[in-house]
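Heads up, the thing below is written out as structure tokens.
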Amino acid sequence: MPERPLGLQYTSIGFNHIGKVAVLSELKGELTATAEVFETAVGYPGTVTIGFAAPSSSYNLKVIRDKPTEQYKWGDYEGRAAVLRKYGGVHEINRAGSMLDNVIYFNLKLEKELFEASLLEEMLREASESVSLEDDSIIFKYLIVQRKLVPLPVFLKSASREDAETAVVNLGYCIKNNMAANIYNKDLDARNYGVSRFLKVFLFDYDALEQFTDVKIRSNTDRIDGEEDIPDWYFEDGVVFLPEEIEVGLGIENRSLRRLFRAAHGDLLTTEYWERIQRDLKAGKVPRLHVYPEERRLKRETN
């Protein structure tokens with residue numbers, strides 16, 4: 001808590017306007033102290049949002065594109081309002097310790113000189129419904145504000161072996177915790193997850209969120225090799241998920257880290273595990289959460 005940005009502290013306890021003022025003050029103070037400007041965020045470009053930050057800033061900021069990039073893979077795009085509702089909803093729910101909180105502030109003005117030219121050009125071109133230029137200022141209809149994390153693929157490229165293994169194991173716990181909170185991220189790609197300074201992993205991209213109890217768990221493991229018929233689930237409406245594809249979908253390049261994920265969280269690759277959690281949620285049960293490392297958990301003393 002002492003190291004959490006002040007603006008997010010105010011907003012967390014309900015002082016949204018004061019939080020907005022504090023965030024703007026902190027952002028400008030960081031840029032003045034470092035002589036930095038806002039740049040495109042580290043990591044892979046978002047298909048729905050444009051992320052940006054100053055290199056030394058505590059915050060990561062986002063605006064929503066007018067339309068998704070060609071890499072968007074979820075059919076019809078529901079539009080900016082639907083994405084804002086998903087980000088706003090995350091702030092209101094129990095995030096089970098594995099979803100990065102975000103706050104949406106409306107109607108902000110920042111000086112044009114605070115932005116790198118290429119970033120400013122992209123926002124005015126790709127998010128023109130939300131971002132506009134007025135004299136020497138940039139006007140934002142809204143701004144999504146999050147605490148800055150290191151995207152998991154970026155972290156894994158430079159982390160020590162021990163830290164990389166810890167992060168990959170914590171990725172599995174992050175997915176399980178979100179599931180226990182009835183949250184399903186249908187874009188199970190490691191690029192949507194970030195690593196904190198404590199090596200905890202958080203989901204930070206929310207445009208592909210669904211209620212987990214609405215997801216249809218299916219499998220191709222019972223199909224015969226070489227079978228050419230289209231599986232029955234292909235024609236089902238709604239969100240369909242095949243657990244056996246999670247390892248490929250996450251896109252972790254290092255083979256030994258993939259083996260570690262499979263060893264630690266092999267249950268995530270089975271339909272039985274996902275179906276059991278769904279049954280528990282529908283029955284009103286709360287699945288177990290893994291929020292703290294085992295060495296930090298309180299132990300029950302036995303005589």
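Ordering of the structure tokens sets the chain letters (A, B, ...), residue numbers begin anew at 1 in every chain, and ligands are numbered from 1 in the order given.
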Exercise. Fewer than 4 positions away in the same chain doesn't count, so skip those; otherwise give me all residues within 10 Å of Glu122 in chain A, counting only C-alpha atoms, as a PyMOL selection string.
Key: chain A and resi 40+50+65+117-118+126-128
Selected residues, C-alpha atoms, written as a CSV table (one decimal), in the first residue's frame, please.
chain,number,residue,atom,x,y,z
A,40,THR,CA,3.6,3.4,-26.7
A,50,ILE,CA,-3.8,1.6,-27.5
A,65,ARG,CA,-9.5,2.0,-30.8
A,117,ALA,CA,4.9,12.3,-32.0
A,118,SER,CA,4.2,8.7,-33.3
A,126,GLU,CA,-7.0,5.1,-34.6
A,127,ALA,CA,-9.0,6.4,-31.6
A,128,SER,CA,-10.4,9.7,-33.1
Exercise. Within 6 Å of Phe140 in chain A, counting only C-alpha atoms, which residues show up once you throw out same-chain ones fewer than 3 positions away? Write them as a PyMOL selection string, please.
Key: chain A and resi 107-108+130-131
Quiz item: Can you tell me, as a list in words, what residues are no more than 10 Å from Leu8 in chain A when counting only C-alpha atoms, ignoring any on the same chain fewer than 6 positions away?
Solution: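 Listed by chain and then number, they are Gly14, Phe15, Asn16, Ile18, Gly19, Lys20, Ala22, Val23, Tyr59, Asp101, Asn102, Val103, Val145, Gln146 and Arg147 of chain A.
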Restricting it to N, CA and C atoms, dump the selection as an mmCIF file, in the first residue's frame.
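Full text of again.cif as output:
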data_model
loop_
_atom_site.group_PDB
_atom_site.id
_atom_site.type_symbol
_atom_site.label_atom_id
_atom_site.label_comp_id
_atom_site.auth_asym_id
_atom_site.auth_seq_id
_atom_site.Cartn_x
_atom_site.Cartn_y
_atom_site.Cartn_z
ATOM 1 N N GLY A 14 -13.252 5.591 -2.841
ATOM 2 C CA GLY A 14 -14.469 6.267 -3.258
ATOM 3 C C GLY A 14 -14.334 7.728 -3.645
ATOM 4 N N PHE A 15 -13.138 8.320 -3.528
ATOM 5 C CA PHE A 15 -12.957 9.725 -3.880
ATOM 6 C C PHE A 15 -12.471 9.819 -5.335
ATOM 7 N N ASN A 16 -13.389 9.579 -6.277
ATOM 8 C CA ASN A 16 -13.010 9.436 -7.677
ATOM 9 C C ASN A 16 -12.484 10.745 -8.261
ATOM 10 N N ILE A 18 -11.159 13.368 -6.662
ATOM 11 C CA ILE A 18 -9.850 13.677 -6.077
ATOM 12 C C ILE A 18 -8.791 12.741 -6.650
ATOM 13 N N GLY A 19 -9.177 11.474 -6.875
ATOM 14 C CA GLY A 19 -8.250 10.524 -7.492
ATOM 15 C C GLY A 19 -7.831 10.964 -8.872
ATOM 16 N N LYS A 20 -8.788 11.463 -9.642
ATOM 17 C CA LYS A 20 -8.499 11.948 -11.005
ATOM 18 C C LYS A 20 -7.502 13.100 -10.961
ATOM 19 N N ALA A 22 -5.398 13.741 -8.565
ATOM 20 C CA ALA A 22 -4.119 13.220 -8.077
ATOM 21 C C ALA A 22 -3.359 12.480 -9.173
ATOM 22 N N VAL A 23 -4.080 11.681 -9.990
ATOM 23 C CA VAL A 23 -3.428 10.955 -11.088
ATOM 24 C C VAL A 23 -2.785 11.932 -12.062
ATOM 25 N N TYR A 59 2.189 4.455 -13.822
ATOM 26 C CA TYR A 59 0.903 4.195 -14.447
ATOM 27 C C TYR A 59 1.045 3.711 -15.884
ATOM 28 N N ASP A 101 -6.548 -3.927 -10.970
ATOM 29 C CA ASP A 101 -7.611 -2.928 -10.893
ATOM 30 C C ASP A 101 -7.364 -1.844 -11.935
ATOM 31 N N ASN A 102 -8.434 -1.271 -12.430
ATOM 32 C CA ASN A 102 -8.305 -0.128 -13.319
ATOM 33 C C ASN A 102 -9.395 0.880 -12.975
ATOM 34 N N VAL A 103 -9.118 2.127 -13.295
ATOM 35 C CA VAL A 103 -10.069 3.199 -13.053
ATOM 36 C C VAL A 103 -10.267 3.942 -14.368
ATOM 37 N N VAL A 145 -6.924 3.930 -16.584
ATOM 38 C CA VAL A 145 -5.680 4.055 -15.824
ATOM 39 C C VAL A 145 -5.451 2.769 -15.033
ATOM 40 N N GLN A 146 -4.254 2.205 -15.165
ATOM 41 C CA GLN A 146 -3.869 1.001 -14.441
ATOM 42 C C GLN A 146 -2.475 1.176 -13.854
ATOM 43 N N ARG A 147 -2.179 0.383 -12.835
ATOM 44 C CA ARG A 147 -0.817 0.302 -12.318
ATOM 45 C C ARG A 147 0.040 -0.401 -13.367
#
Self-check item: range 187-191 of chain A surroundings by only C-alpha atoms, 9 Å radius, close-in-sequence under 6 positions cut, as an MDAnalysis selection string
Solution: chainID A and resid 43:44 151:154 171 175 205 207:209 246 248:252
DSSP on the backbone, strand (DSSP E or B) only: what residues of range 206-297 of chain A does that give? Format it as a PDB file with N, CA and C atoms, in the first residue's frame.
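Generated file (part.pdb):
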ATOM      1  N   LEU A 209     -13.338 -10.596 -21.813  1.00  0.00           N
ATOM      2  CA  LEU A 209     -13.863 -11.254 -20.614  1.00  0.00           C
ATOM      3  C   LEU A 209     -15.285 -11.770 -20.825  1.00  0.00           C
ATOM      4  N   GLU A 210     -15.562 -12.921 -20.197  1.00  0.00           N
ATOM      5  CA  GLU A 210     -16.901 -13.518 -20.211  1.00  0.00           C
ATOM      6  C   GLU A 210     -17.165 -14.094 -18.823  1.00  0.00           C
ATOM      7  N   GLN A 211     -18.447 -14.273 -18.491  1.00  0.00           N
ATOM      8  CA  GLN A 211     -18.777 -15.009 -17.273  1.00  0.00           C
ATOM      9  C   GLN A 211     -18.432 -16.475 -17.480  1.00  0.00           C
ATOM     10  N   LYS A 216     -18.969 -22.764 -22.619  1.00  0.00           N
ATOM     11  CA  LYS A 216     -19.223 -24.177 -22.932  1.00  0.00           C
ATOM     12  C   LYS A 216     -17.885 -24.904 -23.044  1.00  0.00           C
ATOM     13  N   ILE A 217     -17.671 -25.864 -22.152  1.00  0.00           N
ATOM     14  CA  ILE A 217     -16.415 -26.615 -22.111  1.00  0.00           C
ATOM     15  C   ILE A 217     -16.550 -27.818 -23.038  1.00  0.00           C
ATOM     16  N   VAL A 240     -17.130 -21.100 -26.680  1.00  0.00           N
ATOM     17  CA  VAL A 240     -16.720 -22.494 -26.543  1.00  0.00           C
ATOM     18  C   VAL A 240     -15.226 -22.530 -26.228  1.00  0.00           C
ATOM     19  N   PHE A 241     -14.847 -23.353 -25.272  1.00  0.00           N
ATOM     20  CA  PHE A 241     -13.455 -23.438 -24.851  1.00  0.00           C
ATOM     21  C   PHE A 241     -13.001 -24.884 -24.815  1.00  0.00           C
TER      22      PHE A 241
END
If you run DSSP on this backbone, which residues of range 38-142 of chain A come out as alpha helix (DSSP H), and could you give them as a compact mmCIF listing (two decimals) with C-alpha atoms, in the first residue's frame?
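Listed below is the output, states-v7.txt:
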# COMPACT_ATOMS: atom_id res chain seq x y z
CA ARG A 80 -16.15 1.12 -27.57
CA ALA A 81 -19.06 1.33 -25.14
CA ALA A 82 -19.07 -2.45 -24.62
CA VAL A 83 -15.32 -2.49 -23.94
CA LEU A 84 -15.66 0.39 -21.47
CA ARG A 85 -18.38 -1.53 -19.65
CA LYS A 86 -16.07 -4.53 -19.27
CA TYR A 87 -13.22 -2.39 -17.91
CA GLY A 88 -15.60 -0.51 -15.64
CA GLY A 89 -17.14 -3.76 -14.40
CA VAL A 90 -13.74 -5.11 -13.37
CA HIS A 91 -13.36 -2.19 -10.94
CA GLU A 92 -16.63 -3.15 -9.24
CA ALA A 117 4.86 12.25 -32.01
CA SER A 118 4.24 8.72 -33.33
CA LEU A 119 1.98 7.85 -30.37
CA LEU A 120 -0.01 11.05 -30.78
CA GLU A 121 -0.45 10.40 -34.49
CA GLU A 122 -1.68 6.85 -33.82
CA MET A 123 -4.21 7.95 -31.20
CA LEU A 124 -5.64 10.73 -33.35
CA ARG A 125 -5.91 8.33 -36.30
CA GLU A 126 -7.01 5.09 -34.60
Quiz item: What gap, in Å, lies between CA of Val150 in chain A and CA of Trp274 in chain A?
Solution: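 For CA of Val150 in chain A relative to CA of Trp274 in chain A, the distance reads 28.1 Å.
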Quiz item: Counting only C-alpha atoms, which of A:Val291, A:Ala164, A:Ser158, A:Lys109 gets nearest to Ile138 in chain A?
Solution: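 The closest residue to Ile138 in chain A is A:Lys109.
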Exercise. Can you work out which one of A:Lys299, A:Lys186, A:Arg95, A:Arg258 has the shortest atom-to-atom distance to Cys174 in chain A, counting only C-alpha atoms?
Key: A:Arg95
Practice problem: Using only C-alpha atoms, pick whichever of A:Lys282, A:Arg262, A:Lys28, A:His290 has the shortest atom-to-atom distance to Leu114 in chain A. | Solution: A:Lys28
Quiz prompt | For Val48 in chain A, the nearest of the candidates A:Glu116, A:Glu70, A:Glu295, A:Glu30, counting only C-alpha atoms | solution = A:Glu70
Exercise. Find the distance between CA of Ala41 in chain A and CA of Gly172 in chain A and write it in Å to one decimal.
Key: 24.5 Å
Practice problem: Have a look at A:Leu242, A:Asn177, A:Pro287, A:Glu236 and name the one nearest to Ala96 in chain A; count only C-alpha atoms. | Solution: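 Going through A:Leu242, A:Asn177, A:Pro287, A:Glu236 one by one, the smallest distance to Ala96 in chain A is for A:Asn177.
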Quiz prompt | CA of Glu113 in chain A to CA of Glu39 in chain A, straight-line distance in Å | solution = 11.8 Å
Quiz prompt | Nearest-residue call for Phe212 in chain A, choices A:Leu199, A:Ile277, A:Val168, A:Ala54, using only C-alpha atoms | solution =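 Nearest to Phe212 in chain A: A:Ile277.
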